[in-house]
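For reference, the structure discussed in these notes is given below.
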Amino acid sequence: GWKRKVNGEYKRFRPGFCDGYGYLHFYGEDGLIDAVSINRCPHWCEKHNADYVARYRRGLGDAALEVILSPDRSPTFALYAVDEKYTGQTPGLLIHGDVGLGKTVAGHVIALRLILQHNLPAHYVSAVQIGSMCAELATQDPERKALADEWLHQLLTLAKSEGILFLDDLGRERISDAVCQRIDELIAAVYERRGRLIVTTNLAGESDKAGVPSIAQRYGAHILSRLVDKSSWMTVVRCTGRDMRRPTKPQAFQTETPVEPKSEIQAELGFGA
């Protein structure tokens, strides 16, 4: 049984049932439902976490994630910058910096960690996909236009629902008024509920960097204001380093950046098993 202090006295309860949302209901001494657990059922969490991780992997593609988290892959500057500055203290995370620093890899790792920590589903979308779908709306083919409209509608619905949204490569899409509006709606939908959002971008954040367009220049000050709202929603991580896609001497790279084996990250997130 389970004991709980009520009015200064301990009452004994018998386990009842899970309500389908992970919370256990208990029977009191009179046989009626008299208490609900504060913490979610561990079996419910384990089952749903496995399902959420599996769906996230299927959505992106198991092969793609295996390559991203491969032990043979070079370590990423972005992941270690995020690990140093982000501990999950805010629902949102903005990762920005130069190209080739592994910001997308860091975003996937954080998304998978948040699934396991908060028992929530996660959804990945690239800003390039949003731009392509907005371009489809301008075609003369009614079937393609309908499919694009449905895709964008479903994306906005996901942003409004409980879950984790990973918006990757913000700023790489072909810009237009329609694309700006869709991205604005997407970020606003998550912001209004102070939901969990991960954003990666090559654009400069709060302060402009010489020769690098800023978020404010591309989308407007209102989107920048939301993405850098450090008061209650967003942690901003700026990544620095060299482009990892360019060949370098392995010995020099390892000397400058000591890192843990990538296989530890795989084990933590259940990959490579």
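Quick note on naming: the chains in the structure tokens go A, B, ... in the order shown, residues restart at 1 in each chain, and ligands are numbered from 1 in order of appearance.
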DSSP on the backbone, then: every residue of stretch 43-241 of chain A marked strand (DSSP E or B), written as a ChimeraX atom specification. /A:92-97,122-126,164-170,196-201,204,209,212,214,234-239
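Distance check against A:Leu116 using only C-alpha atoms: of A:Tyr191, A:Tyr86, A:Tyr52, A:Trp151, the minimum falls on A:Tyr52.
The closest residue to A:Ile110, picked from A:Arg174, A:Glu46, A:Lys85, A:Ile198 and counting only C-alpha atoms, is A:Ile198.
One finds atom CA of A:Thr104 at 18.2 Å from atom CA of A:Ile183.
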May I have the residues within 12 Å of A:Val82 as a PDB file with C-alpha atoms, in the first residue's frame, using only C-alpha atoms and disregarding those fewer than 2 positions away in the same chain?
```pdb
ATOM      1  CA  THR A  76      31.252  19.243 -32.465  1.00  0.00           C
ATOM      2  CA  PHE A  77      32.108  22.650 -31.058  1.00  0.00           C
ATOM      3  CA  ALA A  78      28.403  23.441 -30.712  1.00  0.00           C
ATOM      4  CA  LEU A  79      27.532  20.426 -28.567  1.00  0.00           C
ATOM      5  CA  TYR A  80      30.200  21.196 -26.019  1.00  0.00           C
ATOM      6  CA  GLU A  84      28.546  24.079 -20.878  1.00  0.00           C
ATOM      7  CA  LYS A  85      25.774  26.702 -20.915  1.00  0.00           C
ATOM      8  CA  TYR A  86      22.441  24.861 -21.107  1.00  0.00           C
ATOM      9  CA  THR A  87      21.140  22.670 -18.303  1.00  0.00           C
ATOM     10  CA  GLY A  88      17.462  22.718 -19.256  1.00  0.00           C
ATOM     11  CA  LEU A  93      17.299  27.127 -26.626  1.00  0.00           C
ATOM     12  CA  LEU A  94      18.795  29.273 -29.401  1.00  0.00           C
ATOM     13  CA  ILE A  95      22.079  27.973 -30.845  1.00  0.00           C
ATOM     14  CA  HIS A  96      23.771  30.384 -33.244  1.00  0.00           C
ATOM     15  CA  GLY A  97      27.219  30.729 -34.745  1.00  0.00           C
ATOM     16  CA  LEU A 101      30.208  23.925 -35.948  1.00  0.00           C
ATOM     17  CA  GLY A 102      27.731  21.062 -35.448  1.00  0.00           C
ATOM     18  CA  LYS A 103      24.715  23.107 -34.342  1.00  0.00           C
ATOM     19  CA  THR A 104      22.272  20.610 -35.882  1.00  0.00           C
ATOM     20  CA  VAL A 105      23.970  17.706 -34.097  1.00  0.00           C
ATOM     21  CA  ALA A 106      23.711  19.614 -30.810  1.00  0.00           C
ATOM     22  CA  GLY A 107      20.034  20.305 -31.472  1.00  0.00           C
ATOM     23  CA  HIS A 108      19.252  16.623 -32.065  1.00  0.00           C
ATOM     24  CA  VAL A 109      21.095  15.561 -28.904  1.00  0.00           C
ATOM     25  CA  ILE A 110      19.259  18.154 -26.780  1.00  0.00           C
ATOM     26  CA  ILE A 198      15.179  24.532 -30.088  1.00  0.00           C
ATOM     27  CA  THR A 200      19.699  26.686 -34.738  1.00  0.00           C
ATOM     28  CA  THR A 235      18.855  30.304 -23.307  1.00  0.00           C
ATOM     29  CA  VAL A 236      21.103  31.759 -26.022  1.00  0.00           C
ATOM     30  CA  VAL A 237      24.318  29.906 -26.862  1.00  0.00           C
ATOM     31  CA  ARG A 238      26.814  31.369 -29.286  1.00  0.00           C
ATOM     32  CA  CYS A 239      29.200  28.810 -30.811  1.00  0.00           C
ATOM     33  CA  THR A 240      32.684  29.550 -32.068  1.00  0.00           C
TER      34      THR A 240
END
```
As a PyMOL selection string, please: every residue in stretch 73-249 of chain A that DSSP puts in helix (DSSP H, G or I). chain A and resi 77-85+103-118+127-136+142-160+177-192+215-219+221-227
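Taking atom CA of A:Asp177 as the reference point, atom CA of A:Ser225 is found at 19.0 Å.
Going from atom CA of A:Ile115 to atom CA of A:Asn49 covers 6.4 Å.
The smallest atom-to-atom distance between A:Gln129 and any of A:Leu203, A:Ile164, A:Ala148, A:Ala188, using only C-alpha atoms, is found for A:Ala148.
Taking only C-alpha atoms, the non-local environment of A:Arg194 within 12 Å (same-chain residues fewer than 4 positions away omitted) comprises Thr90, Pro91, Gly92, Leu93, Ala159, Lys160, Ser161, Glu162, Gly163, Ile164, Leu165, Ile187, Ala188, Ala189, Val190, Arg226, Leu227, Asp229, Lys230, Ser231, Ser232, Trp233 and Met234 of chain A.
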Env of A:Glu173: 12 Å cut, atoms = only C-alpha atoms, seq-sep filter 5 positions within chain, self excluded. Answer as an NGL selection string. :A and (125-135 or 167-168 or 178-180 or 182-183 or 201-202 or 218-219)
Using only C-alpha atoms, pick whichever of A:Asp83, A:His118, A:Leu155, A:Gly241 has the shortest atom-to-atom distance to A:Asp98. A:Gly241
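Using only C-alpha atoms, the shortest contact distance between A:Ala221 and any of A:Asp184, A:Gly171, A:Val199, A:Gln154 is found at A:Asp184.
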